[in-house]
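Just protein00.txt here, compact mmCIF, N, CA and C atoms:
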# COMPACT_ATOMS: atom_id res chain seq x y z
N MET G 290 -9.08 -4.03 -7.25
CA MET G 290 -8.62 -3.13 -8.29
C MET G 290 -7.22 -3.59 -8.72
N ASP G 291 -6.98 -3.59 -10.01
CA ASP G 291 -5.69 -4.06 -10.53
C ASP G 291 -4.82 -2.86 -10.94
N TYR G 292 -3.87 -2.53 -10.09
CA TYR G 292 -3.02 -1.38 -10.36
C TYR G 292 -2.10 -1.62 -11.55
N THR G 293 -1.88 -2.87 -11.96
CA THR G 293 -0.95 -3.16 -13.05
C THR G 293 -1.54 -2.84 -14.41
N THR G 294 -2.85 -2.82 -14.54
CA THR G 294 -3.48 -2.54 -15.83
C THR G 294 -4.10 -1.15 -15.88
N GLN G 295 -4.12 -0.45 -14.77
CA GLN G 295 -4.72 0.88 -14.70
C GLN G 295 -3.85 1.90 -15.43
N THR G 296 -4.50 2.79 -16.18
CA THR G 296 -3.80 3.91 -16.81
C THR G 296 -3.84 5.08 -15.84
N PHE G 297 -2.68 5.63 -15.55
CA PHE G 297 -2.58 6.78 -14.65
C PHE G 297 -2.20 8.00 -15.47
N ARG G 298 -2.96 9.08 -15.32
CA ARG G 298 -2.69 10.31 -16.06
C ARG G 298 -2.19 11.45 -15.17
N HIS G 299 -2.00 11.15 -13.90
CA HIS G 299 -1.50 12.17 -12.98
C HIS G 299 -0.33 11.60 -12.19
N ARG G 300 0.80 12.26 -12.28
CA ARG G 300 2.01 11.82 -11.59
C ARG G 300 2.63 13.01 -10.86
N MET G 301 3.09 12.73 -9.65
CA MET G 301 3.71 13.79 -8.85
C MET G 301 4.91 13.21 -8.11
N PRO G 302 6.03 13.93 -8.13
CA PRO G 302 7.17 13.48 -7.32
C PRO G 302 6.84 13.63 -5.83
N ALA G 303 7.34 12.70 -5.05
CA ALA G 303 7.12 12.74 -3.60
C ALA G 303 8.49 12.74 -2.93
N GLN G 304 8.87 13.88 -2.42
CA GLN G 304 10.20 14.02 -1.82
C GLN G 304 10.23 13.32 -0.46
N LEU G 305 11.21 12.45 -0.30
CA LEU G 305 11.41 11.76 0.97
C LEU G 305 12.33 12.59 1.85
N ARG G 306 12.05 12.54 3.15
CA ARG G 306 12.88 13.22 4.13
C ARG G 306 13.61 12.16 4.95
N PHE G 307 14.73 12.53 5.49
CA PHE G 307 15.49 11.59 6.32
C PHE G 307 14.64 11.08 7.48
N SER G 308 13.77 11.94 8.00
CA SER G 308 12.91 11.56 9.13
C SER G 308 11.83 10.55 8.74
N ASP G 309 11.65 10.30 7.45
CA ASP G 309 10.67 9.31 6.98
C ASP G 309 11.18 7.88 7.14
N VAL G 310 12.47 7.75 7.41
CA VAL G 310 13.11 6.44 7.49
C VAL G 310 13.05 5.92 8.92
N ASP G 311 12.69 4.65 9.06
CA ASP G 311 12.63 4.05 10.39
C ASP G 311 13.95 3.38 10.75
N ARG G 312 13.99 2.74 11.88
CA ARG G 312 15.25 2.15 12.37
C ARG G 312 15.74 0.99 11.53
N PHE G 313 14.90 0.50 10.62
CA PHE G 313 15.30 -0.61 9.74
C PHE G 313 15.89 -0.11 8.42
N GLY G 314 15.95 1.23 8.26
CA GLY G 314 16.59 1.81 7.08
C GLY G 314 15.66 2.03 5.91
N HIS G 315 14.37 1.73 6.07
CA HIS G 315 13.44 1.98 4.96
C HIS G 315 12.36 2.95 5.39
N VAL G 316 11.66 3.49 4.41
CA VAL G 316 10.58 4.43 4.69
C VAL G 316 9.49 3.71 5.47
N ASN G 317 9.10 4.29 6.59
CA ASN G 317 8.08 3.70 7.45
C ASN G 317 6.74 3.63 6.72
N ASN G 318 6.02 2.54 6.93
CA ASN G 318 4.75 2.34 6.23
C ASN G 318 3.76 3.48 6.44
N SER G 319 3.76 4.08 7.62
CA SER G 319 2.81 5.17 7.88
C SER G 319 3.08 6.39 7.02
N VAL G 320 4.31 6.56 6.57
CA VAL G 320 4.68 7.71 5.74
C VAL G 320 3.96 7.67 4.39
N TYR G 321 3.73 6.48 3.87
CA TYR G 321 3.07 6.35 2.58
C TYR G 321 1.72 7.07 2.56
N PHE G 322 0.98 6.98 3.67
CA PHE G 322 -0.34 7.61 3.72
C PHE G 322 -0.23 9.12 3.61
N SER G 323 0.79 9.70 4.20
CA SER G 323 1.02 11.14 4.06
C SER G 323 1.36 11.49 2.62
N LEU G 324 2.19 10.67 1.98
CA LEU G 324 2.55 10.92 0.58
C LEU G 324 1.33 10.79 -0.33
N PHE G 325 0.53 9.74 -0.11
CA PHE G 325 -0.68 9.56 -0.92
C PHE G 325 -1.65 10.72 -0.70
N ASP G 326 -1.78 11.18 0.54
CA ASP G 326 -2.68 12.28 0.85
C ASP G 326 -2.23 13.56 0.14
N MET G 327 -0.94 13.85 0.20
CA MET G 327 -0.40 15.04 -0.46
C MET G 327 -0.67 14.98 -1.96
N CYS G 328 -0.49 13.81 -2.55
CA CYS G 328 -0.63 13.69 -4.00
C CYS G 328 -2.09 13.67 -4.45
N LYS G 329 -3.00 13.15 -3.62
CA LYS G 329 -4.41 13.22 -4.02
C LYS G 329 -4.93 14.65 -3.91
N THR G 330 -4.40 15.40 -2.95
CA THR G 330 -4.77 16.82 -2.86
C THR G 330 -4.32 17.56 -4.10
N ARG G 331 -3.10 17.26 -4.56
CA ARG G 331 -2.60 17.89 -5.79
C ARG G 331 -3.41 17.46 -7.01
N TYR G 332 -3.83 16.18 -7.04
CA TYR G 332 -4.69 15.67 -8.13
C TYR G 332 -5.96 16.51 -8.20
N PHE G 333 -6.63 16.70 -7.05
CA PHE G 333 -7.86 17.49 -7.03
C PHE G 333 -7.59 18.91 -7.52
N HIS G 334 -6.52 19.51 -7.07
CA HIS G 334 -6.17 20.87 -7.48
C HIS G 334 -5.96 20.94 -8.99
N ASP G 335 -5.20 20.00 -9.53
CA ASP G 335 -4.87 20.01 -10.95
C ASP G 335 -6.05 19.64 -11.84
N VAL G 336 -6.89 18.72 -11.39
CA VAL G 336 -7.95 18.18 -12.25
C VAL G 336 -9.26 18.95 -12.13
N VAL G 337 -9.68 19.28 -10.92
CA VAL G 337 -10.98 19.94 -10.75
C VAL G 337 -10.88 21.36 -10.23
N GLY G 338 -9.71 21.80 -9.83
CA GLY G 338 -9.56 23.14 -9.27
C GLY G 338 -9.92 23.15 -7.80
N THR G 339 -9.84 24.31 -7.19
CA THR G 339 -10.08 24.38 -5.76
C THR G 339 -11.41 25.03 -5.40
N ASP G 340 -11.99 25.83 -6.28
CA ASP G 340 -13.23 26.53 -5.94
C ASP G 340 -14.40 25.59 -5.68
N ILE G 341 -14.37 24.42 -6.27
CA ILE G 341 -15.45 23.44 -6.08
C ILE G 341 -15.53 23.00 -4.61
N PHE G 342 -14.40 23.08 -3.90
CA PHE G 342 -14.36 22.62 -2.52
C PHE G 342 -14.82 23.68 -1.52
N ASP G 343 -15.30 24.82 -2.01
CA ASP G 343 -15.91 25.80 -1.12
C ASP G 343 -17.25 25.30 -0.62
N ARG G 344 -17.90 24.43 -1.39
CA ARG G 344 -19.23 23.95 -1.02
C ARG G 344 -19.27 22.47 -0.66
N MET G 345 -18.23 21.73 -1.02
CA MET G 345 -18.20 20.31 -0.67
C MET G 345 -16.75 19.86 -0.51
N ALA G 346 -16.58 18.76 0.21
CA ALA G 346 -15.23 18.27 0.49
C ALA G 346 -15.21 16.75 0.45
N PRO G 347 -14.19 16.17 -0.18
CA PRO G 347 -14.07 14.71 -0.16
C PRO G 347 -13.47 14.25 1.17
N VAL G 348 -14.07 13.23 1.76
CA VAL G 348 -13.64 12.71 3.06
C VAL G 348 -13.35 11.22 2.91
N VAL G 349 -12.21 10.79 3.44
CA VAL G 349 -11.83 9.37 3.38
C VAL G 349 -12.75 8.55 4.28
N VAL G 350 -13.32 7.48 3.71
CA VAL G 350 -14.13 6.55 4.52
C VAL G 350 -13.51 5.16 4.57
N HIS G 351 -12.60 4.88 3.65
CA HIS G 351 -11.89 3.60 3.66
C HIS G 351 -10.57 3.78 2.92
N ILE G 352 -9.52 3.22 3.49
CA ILE G 352 -8.21 3.27 2.83
C ILE G 352 -7.50 1.95 3.07
N GLU G 353 -6.87 1.46 2.01
CA GLU G 353 -6.20 0.16 2.09
C GLU G 353 -4.93 0.22 1.24
N ALA G 354 -3.82 -0.15 1.85
CA ALA G 354 -2.54 -0.12 1.14
C ALA G 354 -1.92 -1.50 1.10
N ASN G 355 -1.25 -1.78 0.00
CA ASN G 355 -0.50 -3.02 -0.17
C ASN G 355 0.95 -2.64 -0.43
N PHE G 356 1.81 -3.10 0.46
CA PHE G 356 3.23 -2.78 0.38
C PHE G 356 3.95 -3.90 -0.37
N ILE G 357 4.54 -3.57 -1.51
CA ILE G 357 5.16 -4.56 -2.38
C ILE G 357 6.62 -4.78 -2.01
N SER G 358 7.37 -3.69 -1.93
CA SER G 358 8.78 -3.78 -1.55
C SER G 358 9.19 -2.46 -0.90
N PRO G 359 10.23 -2.49 -0.05
CA PRO G 359 10.58 -1.28 0.71
C PRO G 359 11.18 -0.18 -0.15
N VAL G 360 11.01 1.03 0.34
CA VAL G 360 11.64 2.21 -0.22
C VAL G 360 12.73 2.62 0.76
N PHE G 361 13.91 2.92 0.23
CA PHE G 361 15.03 3.34 1.06
C PHE G 361 15.37 4.78 0.73
N PHE G 362 15.74 5.54 1.74
CA PHE G 362 16.22 6.89 1.53
C PHE G 362 17.60 6.80 0.88
N PRO G 363 17.90 7.48 -0.20
CA PRO G 363 17.19 8.58 -0.83
C PRO G 363 16.54 8.19 -2.17
N ASP G 364 15.84 7.05 -2.24
CA ASP G 364 15.14 6.67 -3.47
C ASP G 364 14.28 7.85 -3.97
N GLU G 365 14.16 7.94 -5.27
CA GLU G 365 13.31 8.96 -5.87
C GLU G 365 11.97 8.33 -6.18
N ILE G 366 10.93 8.81 -5.49
CA ILE G 366 9.61 8.21 -5.57
C ILE G 366 8.65 9.17 -6.28
N VAL G 367 7.78 8.60 -7.11
CA VAL G 367 6.68 9.35 -7.70
C VAL G 367 5.38 8.64 -7.32
N ILE G 368 4.31 9.42 -7.26
CA ILE G 368 2.99 8.88 -6.93
C ILE G 368 2.08 9.10 -8.12
N ASP G 369 1.50 8.01 -8.63
CA ASP G 369 0.48 8.07 -9.67
C ASP G 369 -0.89 8.04 -9.01
N THR G 370 -1.82 8.83 -9.52
CA THR G 370 -3.16 8.90 -8.94
C THR G 370 -4.20 8.85 -10.06
N SER G 371 -5.28 8.11 -9.79
CA SER G 371 -6.39 8.04 -10.73
C SER G 371 -7.68 7.77 -9.97
N ILE G 372 -8.75 8.43 -10.38
CA ILE G 372 -10.07 8.06 -9.88
C ILE G 372 -10.59 6.98 -10.82
N VAL G 373 -10.90 5.82 -10.24
CA VAL G 373 -11.22 4.65 -11.06
C VAL G 373 -12.70 4.25 -10.99
N LYS G 374 -13.43 4.83 -10.06
CA LYS G 374 -14.85 4.50 -9.92
C LYS G 374 -15.55 5.69 -9.28
N MET G 375 -16.77 5.98 -9.77
CA MET G 375 -17.53 7.07 -9.19
C MET G 375 -18.99 6.66 -9.07
N GLY G 376 -19.51 6.77 -7.87
CA GLY G 376 -20.92 6.49 -7.62
C GLY G 376 -21.69 7.79 -7.49
N ASN G 377 -22.81 7.75 -6.77
CA ASN G 377 -23.61 8.96 -6.58
C ASN G 377 -22.97 9.92 -5.57
N LYS G 378 -22.49 9.37 -4.45
CA LYS G 378 -21.92 10.19 -3.40
C LYS G 378 -20.46 9.87 -3.10
N SER G 379 -19.96 8.78 -3.65
CA SER G 379 -18.59 8.36 -3.34
C SER G 379 -17.81 8.06 -4.61
N PHE G 380 -16.50 8.02 -4.45
CA PHE G 380 -15.62 7.64 -5.56
C PHE G 380 -14.41 6.90 -4.99
N THR G 381 -13.74 6.17 -5.88
CA THR G 381 -12.57 5.39 -5.48
C THR G 381 -11.34 5.88 -6.21
N LEU G 382 -10.31 6.17 -5.43
CA LEU G 382 -9.00 6.57 -5.95
C LEU G 382 -8.07 5.37 -5.91
N LEU G 383 -7.27 5.24 -6.93
CA LEU G 383 -6.20 4.25 -6.93
C LEU G 383 -4.89 5.04 -7.06
N GLN G 384 -3.95 4.75 -6.17
CA GLN G 384 -2.65 5.40 -6.22
C GLN G 384 -1.57 4.35 -6.11
N ARG G 385 -0.42 4.68 -6.67
CA ARG G 385 0.73 3.79 -6.53
C ARG G 385 1.99 4.62 -6.38
N ALA G 386 2.89 4.10 -5.56
CA ALA G 386 4.20 4.71 -5.36
C ALA G 386 5.21 3.91 -6.16
N LEU G 387 5.99 4.60 -6.99
CA LEU G 387 6.98 3.94 -7.83
C LEU G 387 8.36 4.54 -7.60
N ASN G 388 9.37 3.71 -7.78
CA ASN G 388 10.74 4.19 -7.86
C ASN G 388 10.86 4.82 -9.24
N GLU G 389 11.14 6.12 -9.28
CA GLU G 389 11.16 6.83 -10.56
C GLU G 389 12.22 6.30 -11.52
N ARG G 390 13.34 5.86 -11.01
CA ARG G 390 14.43 5.37 -11.87
C ARG G 390 14.14 4.00 -12.47
N THR G 391 13.53 3.12 -11.66
CA THR G 391 13.33 1.74 -12.11
C THR G 391 11.90 1.44 -12.55
N ASP G 392 10.97 2.35 -12.26
CA ASP G 392 9.53 2.16 -12.52
C ASP G 392 8.94 1.00 -11.70
N GLU G 393 9.65 0.56 -10.68
CA GLU G 393 9.18 -0.53 -9.83
C GLU G 393 8.11 0.00 -8.87
N VAL G 394 6.95 -0.67 -8.86
CA VAL G 394 5.88 -0.30 -7.93
C VAL G 394 6.27 -0.76 -6.53
N LYS G 395 6.26 0.17 -5.61
CA LYS G 395 6.64 -0.11 -4.22
C LYS G 395 5.42 -0.33 -3.33
N CYS G 396 4.34 0.37 -3.64
CA CYS G 396 3.13 0.28 -2.83
C CYS G 396 1.97 0.79 -3.68
N TYR G 397 0.79 0.23 -3.44
CA TYR G 397 -0.40 0.82 -4.06
C TYR G 397 -1.48 0.94 -3.00
N CYS G 398 -2.37 1.90 -3.23
CA CYS G 398 -3.35 2.26 -2.23
C CYS G 398 -4.70 2.52 -2.90
N GLU G 399 -5.74 1.97 -2.32
CA GLU G 399 -7.10 2.20 -2.79
C GLU G 399 -7.84 2.96 -1.69
N THR G 400 -8.44 4.09 -2.06
CA THR G 400 -9.12 4.95 -1.11
C THR G 400 -10.54 5.23 -1.59
N VAL G 401 -11.51 5.00 -0.72
CA VAL G 401 -12.90 5.37 -1.01
C VAL G 401 -13.17 6.67 -0.27
N MET G 402 -13.71 7.64 -1.01
CA MET G 402 -14.01 8.94 -0.45
C MET G 402 -15.48 9.28 -0.68
N VAL G 403 -16.09 9.97 0.28
CA VAL G 403 -17.46 10.42 0.17
C VAL G 403 -17.45 11.94 0.10
N MET G 404 -18.31 12.49 -0.74
CA MET G 404 -18.40 13.93 -0.86
C MET G 404 -19.33 14.45 0.23
N MET G 405 -18.82 15.44 0.99
CA MET G 405 -19.57 16.02 2.10
C MET G 405 -19.87 17.48 1.83
N ASP G 406 -21.07 17.91 2.21
CA ASP G 406 -21.44 19.32 2.17
C ASP G 406 -20.73 20.00 3.33
N THR G 407 -19.96 21.05 3.04
CA THR G 407 -19.17 21.70 4.08
C THR G 407 -20.03 22.50 5.06
N ALA G 408 -21.23 22.89 4.65
CA ALA G 408 -22.11 23.67 5.54
C ALA G 408 -22.89 22.76 6.48
N THR G 409 -23.37 21.62 5.98
CA THR G 409 -24.23 20.75 6.79
C THR G 409 -23.49 19.54 7.36
N ASN G 410 -22.30 19.28 6.87
CA ASN G 410 -21.52 18.12 7.28
C ASN G 410 -22.26 16.80 6.99
N GLN G 411 -23.01 16.80 5.91
CA GLN G 411 -23.76 15.62 5.47
C GLN G 411 -23.24 15.20 4.10
N SER G 412 -23.34 13.90 3.82
CA SER G 412 -22.92 13.43 2.49
C SER G 412 -23.88 13.99 1.44
N VAL G 413 -23.32 14.28 0.27
CA VAL G 413 -24.10 14.84 -0.85
C VAL G 413 -23.72 14.14 -2.13
N GLU G 414 -24.58 14.26 -3.12
CA GLU G 414 -24.25 13.71 -4.43
C GLU G 414 -23.07 14.48 -5.02
N ILE G 415 -22.27 13.76 -5.78
CA ILE G 415 -21.10 14.36 -6.41
C ILE G 415 -21.55 15.39 -7.42
N ASP G 416 -20.99 16.56 -7.33
CA ASP G 416 -21.29 17.68 -8.21
C ASP G 416 -21.01 17.29 -9.66
N GLU G 417 -21.88 17.71 -10.56
CA GLU G 417 -21.72 17.37 -11.99
C GLU G 417 -20.43 17.96 -12.57
N GLU G 418 -20.04 19.13 -12.10
CA GLU G 418 -18.79 19.74 -12.57
C GLU G 418 -17.60 18.87 -12.19
N PHE G 419 -17.58 18.38 -10.95
CA PHE G 419 -16.52 17.48 -10.49
C PHE G 419 -16.51 16.22 -11.35
N ARG G 420 -17.68 15.62 -11.53
CA ARG G 420 -17.80 14.38 -12.32
C ARG G 420 -17.30 14.59 -13.75
N THR G 421 -17.67 15.69 -14.37
CA THR G 421 -17.28 15.96 -15.75
C THR G 421 -15.77 16.19 -15.87
N LYS G 422 -15.22 16.99 -14.98
CA LYS G 422 -13.78 17.28 -15.04
C LYS G 422 -12.95 16.03 -14.82
N VAL G 423 -13.36 15.20 -13.87
CA VAL G 423 -12.62 13.96 -13.62
C VAL G 423 -12.75 13.01 -14.81
N SER G 424 -13.97 12.86 -15.34
CA SER G 424 -14.19 11.97 -16.49
C SER G 424 -13.38 12.42 -17.69
N ASN G 425 -13.36 13.72 -17.94
CA ASN G 425 -12.56 14.25 -19.05
C ASN G 425 -11.07 14.00 -18.84
N HIS G 426 -10.59 14.21 -17.63
CA HIS G 426 -9.18 13.99 -17.34
C HIS G 426 -8.81 12.52 -17.49
N GLU G 427 -9.65 11.64 -16.95
CA GLU G 427 -9.35 10.20 -16.97
C GLU G 427 -9.61 9.60 -18.35
N GLY G 428 -10.34 10.32 -19.20
CA GLY G 428 -10.58 9.84 -20.56
C GLY G 428 -11.64 8.74 -20.64
N LEU G 429 -12.56 8.75 -19.70
CA LEU G 429 -13.62 7.75 -19.71
C LEU G 429 -14.80 8.19 -18.87
N THR G 430 -15.91 7.51 -19.05
CA THR G 430 -17.08 7.79 -18.23
C THR G 430 -17.01 6.93 -16.99
N LEU G 431 -16.99 7.57 -15.85
CA LEU G 431 -16.87 6.86 -14.59
C LEU G 431 -18.24 6.58 -13.99
N SER G 432 -18.42 5.36 -13.54
CA SER G 432 -19.67 5.00 -12.86
C SER G 432 -19.39 3.93 -11.84

Translate this structure into structure tokens?
Amino acid sequence: MDYTTQTFRHRMPAQLRFSDVDRFGHVNNSVYFSLFDMCKTRYFHDVVGTDIFDRMAPVVVHIEANFISPVFFPDEIVIDTSIVKMGNKSFTLLQRALNERTDEVKCYCETVMVMMDTATNQSVEIDEEFRTKVSNHEGLTLS
């Protein structure tokens, strides 16, 4: 996935804490996953709402991050999020962390998620309402 050509329509500030910094003076790599998780949760809330998750839940099955350059406290970071691919039961999120002042990409992350039925704990086809809301938000038909 090419994060440099992707259009992102969802942006959220990600506040860094002093405890996010490791002994080398930069934000520890593991912290990025917490920031990405927080921002994808907000993406779902803003784009599809929360009631849809009463019957199904997206579960991470694969996550991969590429660290471009370090983030130092107190850099101001924003996270862009986009769903870039949608299959029958799974979809792919692309996220990137940027320095808000310089627009420099610090890290990008690709996450594959599977939709699970919350009652049976089995994978299910993606709900049409979810698919439609995401497609409308992203401005394209996802497949």

Around (-2.9, -1.2, -8.8) in the file's frame, which residues reach within 12 Å when counting only C-alpha atoms? Return as a PyMOL selection string? chain G and resi 290-297+353-357+368-373+382-387+394-400

Would you output that residue set with N, CA and C atoms, as a compact mmCIF listing (two decimals), in the coordinates of the input?
# COMPACT_ATOMS: atom_id res chain seq x y z
N MET G 290 -9.08 -4.03 -7.25
CA MET G 290 -8.62 -3.13 -8.29
C MET G 290 -7.22 -3.59 -8.72
N ASP G 291 -6.98 -3.59 -10.01
CA ASP G 291 -5.69 -4.06 -10.53
C ASP G 291 -4.82 -2.86 -10.94
N TYR G 292 -3.87 -2.53 -10.09
CA TYR G 292 -3.02 -1.38 -10.36
C TYR G 292 -2.10 -1.62 -11.55
N THR G 293 -1.88 -2.87 -11.96
CA THR G 293 -0.95 -3.16 -13.05
C THR G 293 -1.54 -2.84 -14.41
N THR G 294 -2.85 -2.82 -14.54
CA THR G 294 -3.48 -2.54 -15.83
C THR G 294 -4.10 -1.15 -15.88
N GLN G 295 -4.12 -0.45 -14.77
CA GLN G 295 -4.72 0.88 -14.70
C GLN G 295 -3.85 1.90 -15.43
N THR G 296 -4.50 2.79 -16.18
CA THR G 296 -3.80 3.91 -16.81
C THR G 296 -3.84 5.08 -15.84
N PHE G 297 -2.68 5.63 -15.55
CA PHE G 297 -2.58 6.78 -14.65
C PHE G 297 -2.20 8.00 -15.47
N GLU G 353 -6.87 1.46 2.01
CA GLU G 353 -6.20 0.16 2.09
C GLU G 353 -4.93 0.22 1.24
N ALA G 354 -3.82 -0.15 1.85
CA ALA G 354 -2.54 -0.12 1.14
C ALA G 354 -1.92 -1.50 1.10
N ASN G 355 -1.25 -1.78 0.00
CA ASN G 355 -0.50 -3.02 -0.17
C ASN G 355 0.95 -2.64 -0.43
N PHE G 356 1.81 -3.10 0.46
CA PHE G 356 3.23 -2.78 0.38
C PHE G 356 3.95 -3.90 -0.37
N ILE G 357 4.54 -3.57 -1.51
CA ILE G 357 5.16 -4.56 -2.38
C ILE G 357 6.62 -4.78 -2.01
N ILE G 368 4.31 9.42 -7.26
CA ILE G 368 2.99 8.88 -6.93
C ILE G 368 2.08 9.10 -8.12
N ASP G 369 1.50 8.01 -8.63
CA ASP G 369 0.48 8.07 -9.67
C ASP G 369 -0.89 8.04 -9.01
N THR G 370 -1.82 8.83 -9.52
CA THR G 370 -3.16 8.90 -8.94
C THR G 370 -4.20 8.85 -10.06
N SER G 371 -5.28 8.11 -9.79
CA SER G 371 -6.39 8.04 -10.73
C SER G 371 -7.68 7.77 -9.97
N ILE G 372 -8.75 8.43 -10.38
CA ILE G 372 -10.07 8.06 -9.88
C ILE G 372 -10.59 6.98 -10.82
N VAL G 373 -10.90 5.82 -10.24
CA VAL G 373 -11.22 4.65 -11.06
C VAL G 373 -12.70 4.25 -10.99
N LEU G 382 -10.31 6.17 -5.43
CA LEU G 382 -9.00 6.57 -5.95
C LEU G 382 -8.07 5.37 -5.91
N LEU G 383 -7.27 5.24 -6.93
CA LEU G 383 -6.20 4.25 -6.93
C LEU G 383 -4.89 5.04 -7.06
N GLN G 384 -3.95 4.75 -6.17
CA GLN G 384 -2.65 5.40 -6.22
C GLN G 384 -1.57 4.35 -6.11
N ARG G 385 -0.42 4.68 -6.67
CA ARG G 385 0.73 3.79 -6.53
C ARG G 385 1.99 4.62 -6.38
N ALA G 386 2.89 4.10 -5.56
CA ALA G 386 4.20 4.71 -5.36
C ALA G 386 5.21 3.91 -6.16
N LEU G 387 5.99 4.60 -6.99
CA LEU G 387 6.98 3.94 -7.83
C LEU G 387 8.36 4.54 -7.60
N VAL G 394 6.95 -0.67 -8.86
CA VAL G 394 5.88 -0.30 -7.93
C VAL G 394 6.27 -0.76 -6.53
N LYS G 395 6.26 0.17 -5.61
CA LYS G 395 6.64 -0.11 -4.22
C LYS G 395 5.42 -0.33 -3.33
N CYS G 396 4.34 0.37 -3.64
CA CYS G 396 3.13 0.28 -2.83
C CYS G 396 1.97 0.79 -3.68
N TYR G 397 0.79 0.23 -3.44
CA TYR G 397 -0.40 0.82 -4.06
C TYR G 397 -1.48 0.94 -3.00
N CYS G 398 -2.37 1.90 -3.23
CA CYS G 398 -3.35 2.26 -2.23
C CYS G 398 -4.70 2.52 -2.90
N GLU G 399 -5.74 1.97 -2.32
CA GLU G 399 -7.10 2.20 -2.79
C GLU G 399 -7.84 2.96 -1.69
N THR G 400 -8.44 4.09 -2.06
CA THR G 400 -9.12 4.95 -1.11
C THR G 400 -10.54 5.23 -1.59

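We find atom CA of G:Ile415 and atom CA of G:Lys378 to be spaced 5.2 Å apart.
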
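For the residues G:Thr421, G:Ser379, G:Ser323, G:Asn388, ranking by smallest atom-to-atom distance to G:Val401 using all atoms listed in the file places G:Ser379 first.
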
Taking every listed atom of stretch 309-326 of chain G and adding 4 Å to each side, what centre and edge lengths in Å (one decimal) does the axis-aligned box have, as JSON?
{"center_x": 7.0, "center_y": 6.5, "center_z": 5.7, "size_x": 27.3, "size_y": 22.2, "size_z": 21.3}

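Atom to atom, atom CA of G:Leu324 and atom CA of G:Ala303 stand 6.5 Å apart.
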
Kindly write C-alpha atoms of stretch 382-432 of chain G from the structure just given to a file, as a PDB file, in the first residue's frame.
ATOM      1  CA  LEU G 382      -6.899   0.181   7.220  1.00  0.00           C
ATOM      2  CA  LEU G 383      -4.035   2.457   6.319  1.00  0.00           C
ATOM      3  CA  GLN G 384      -2.878   4.933   8.946  1.00  0.00           C
ATOM      4  CA  ARG G 385      -0.026   7.376   9.166  1.00  0.00           C
ATOM      5  CA  ALA G 386       1.439   9.466  11.949  1.00  0.00           C
ATOM      6  CA  LEU G 387       2.532  12.956  10.928  1.00  0.00           C
ATOM      7  CA  ASN G 388       4.224  15.876  12.592  1.00  0.00           C
ATOM      8  CA  GLU G 389       1.383  18.391  12.461  1.00  0.00           C
ATOM      9  CA  ARG G 390       3.682  21.400  12.030  1.00  0.00           C
ATOM     10  CA  THR G 391       5.879  19.999   9.255  1.00  0.00           C
ATOM     11  CA  ASP G 392       3.480  17.446   7.664  1.00  0.00           C
ATOM     12  CA  GLU G 393       6.388  14.977   7.790  1.00  0.00           C
ATOM     13  CA  VAL G 394       5.249  11.345   7.876  1.00  0.00           C
ATOM     14  CA  LYS G 395       6.847   9.655  10.875  1.00  0.00           C
ATOM     15  CA  CYS G 396       5.287   6.210  10.629  1.00  0.00           C
ATOM     16  CA  TYR G 397       2.635   4.398   8.651  1.00  0.00           C
ATOM     17  CA  CYS G 398       0.688   1.308   9.556  1.00  0.00           C
ATOM     18  CA  GLU G 399      -1.360  -1.205   7.595  1.00  0.00           C
ATOM     19  CA  THR G 400      -3.909  -3.237   9.561  1.00  0.00           C
ATOM     20  CA  VAL G 401      -6.104  -6.089   8.325  1.00  0.00           C
ATOM     21  CA  MET G 402      -9.245  -6.567  10.383  1.00  0.00           C
ATOM     22  CA  VAL G 403     -11.913  -9.280  10.264  1.00  0.00           C
ATOM     23  CA  MET G 404     -15.510  -8.654  11.252  1.00  0.00           C
ATOM     24  CA  MET G 405     -16.630 -10.972  14.058  1.00  0.00           C
ATOM     25  CA  ASP G 406     -20.126 -11.782  15.297  1.00  0.00           C
ATOM     26  CA  THR G 407     -20.125 -10.771  18.969  1.00  0.00           C
ATOM     27  CA  ALA G 408     -22.611 -13.514  19.939  1.00  0.00           C
ATOM     28  CA  THR G 409     -20.941 -16.478  18.201  1.00  0.00           C
ATOM     29  CA  ASN G 410     -17.338 -15.241  18.089  1.00  0.00           C
ATOM     30  CA  GLN G 411     -17.194 -16.315  14.434  1.00  0.00           C
ATOM     31  CA  SER G 412     -16.162 -14.263  11.417  1.00  0.00           C
ATOM     32  CA  VAL G 413     -19.088 -12.814   9.459  1.00  0.00           C
ATOM     33  CA  GLU G 414     -19.613 -10.925   6.248  1.00  0.00           C
ATOM     34  CA  ILE G 415     -19.248  -7.181   6.560  1.00  0.00           C
ATOM     35  CA  ASP G 416     -22.605  -5.549   7.205  1.00  0.00           C
ATOM     36  CA  GLU G 417     -23.979  -3.598   4.229  1.00  0.00           C
ATOM     37  CA  GLU G 418     -24.562  -0.540   6.438  1.00  0.00           C
ATOM     38  CA  PHE G 419     -20.882  -0.562   7.468  1.00  0.00           C
ATOM     39  CA  ARG G 420     -19.791  -1.007   3.836  1.00  0.00           C
ATOM     40  CA  THR G 421     -22.024   1.831   2.612  1.00  0.00           C
ATOM     41  CA  LYS G 422     -21.025   4.307   5.326  1.00  0.00           C
ATOM     42  CA  VAL G 423     -17.319   3.653   4.814  1.00  0.00           C
ATOM     43  CA  SER G 424     -17.624   3.838   1.003  1.00  0.00           C
ATOM     44  CA  ASN G 425     -19.525   7.120   1.249  1.00  0.00           C
ATOM     45  CA  HIS G 426     -16.979   8.574   3.671  1.00  0.00           C
ATOM     46  CA  GLU G 427     -13.981   7.466   1.602  1.00  0.00           C
ATOM     47  CA  GLY G 428     -15.641   8.682  -1.598  1.00  0.00           C
ATOM     48  CA  LEU G 429     -15.233   5.437  -3.506  1.00  0.00           C
ATOM     49  CA  THR G 430     -16.471   1.902  -3.872  1.00  0.00           C
ATOM     50  CA  LEU G 431     -14.291  -0.381  -1.812  1.00  0.00           C
ATOM     51  CA  SER G 432     -13.614  -3.943  -2.871  1.00  0.00           C
TER      52      SER G 432
END
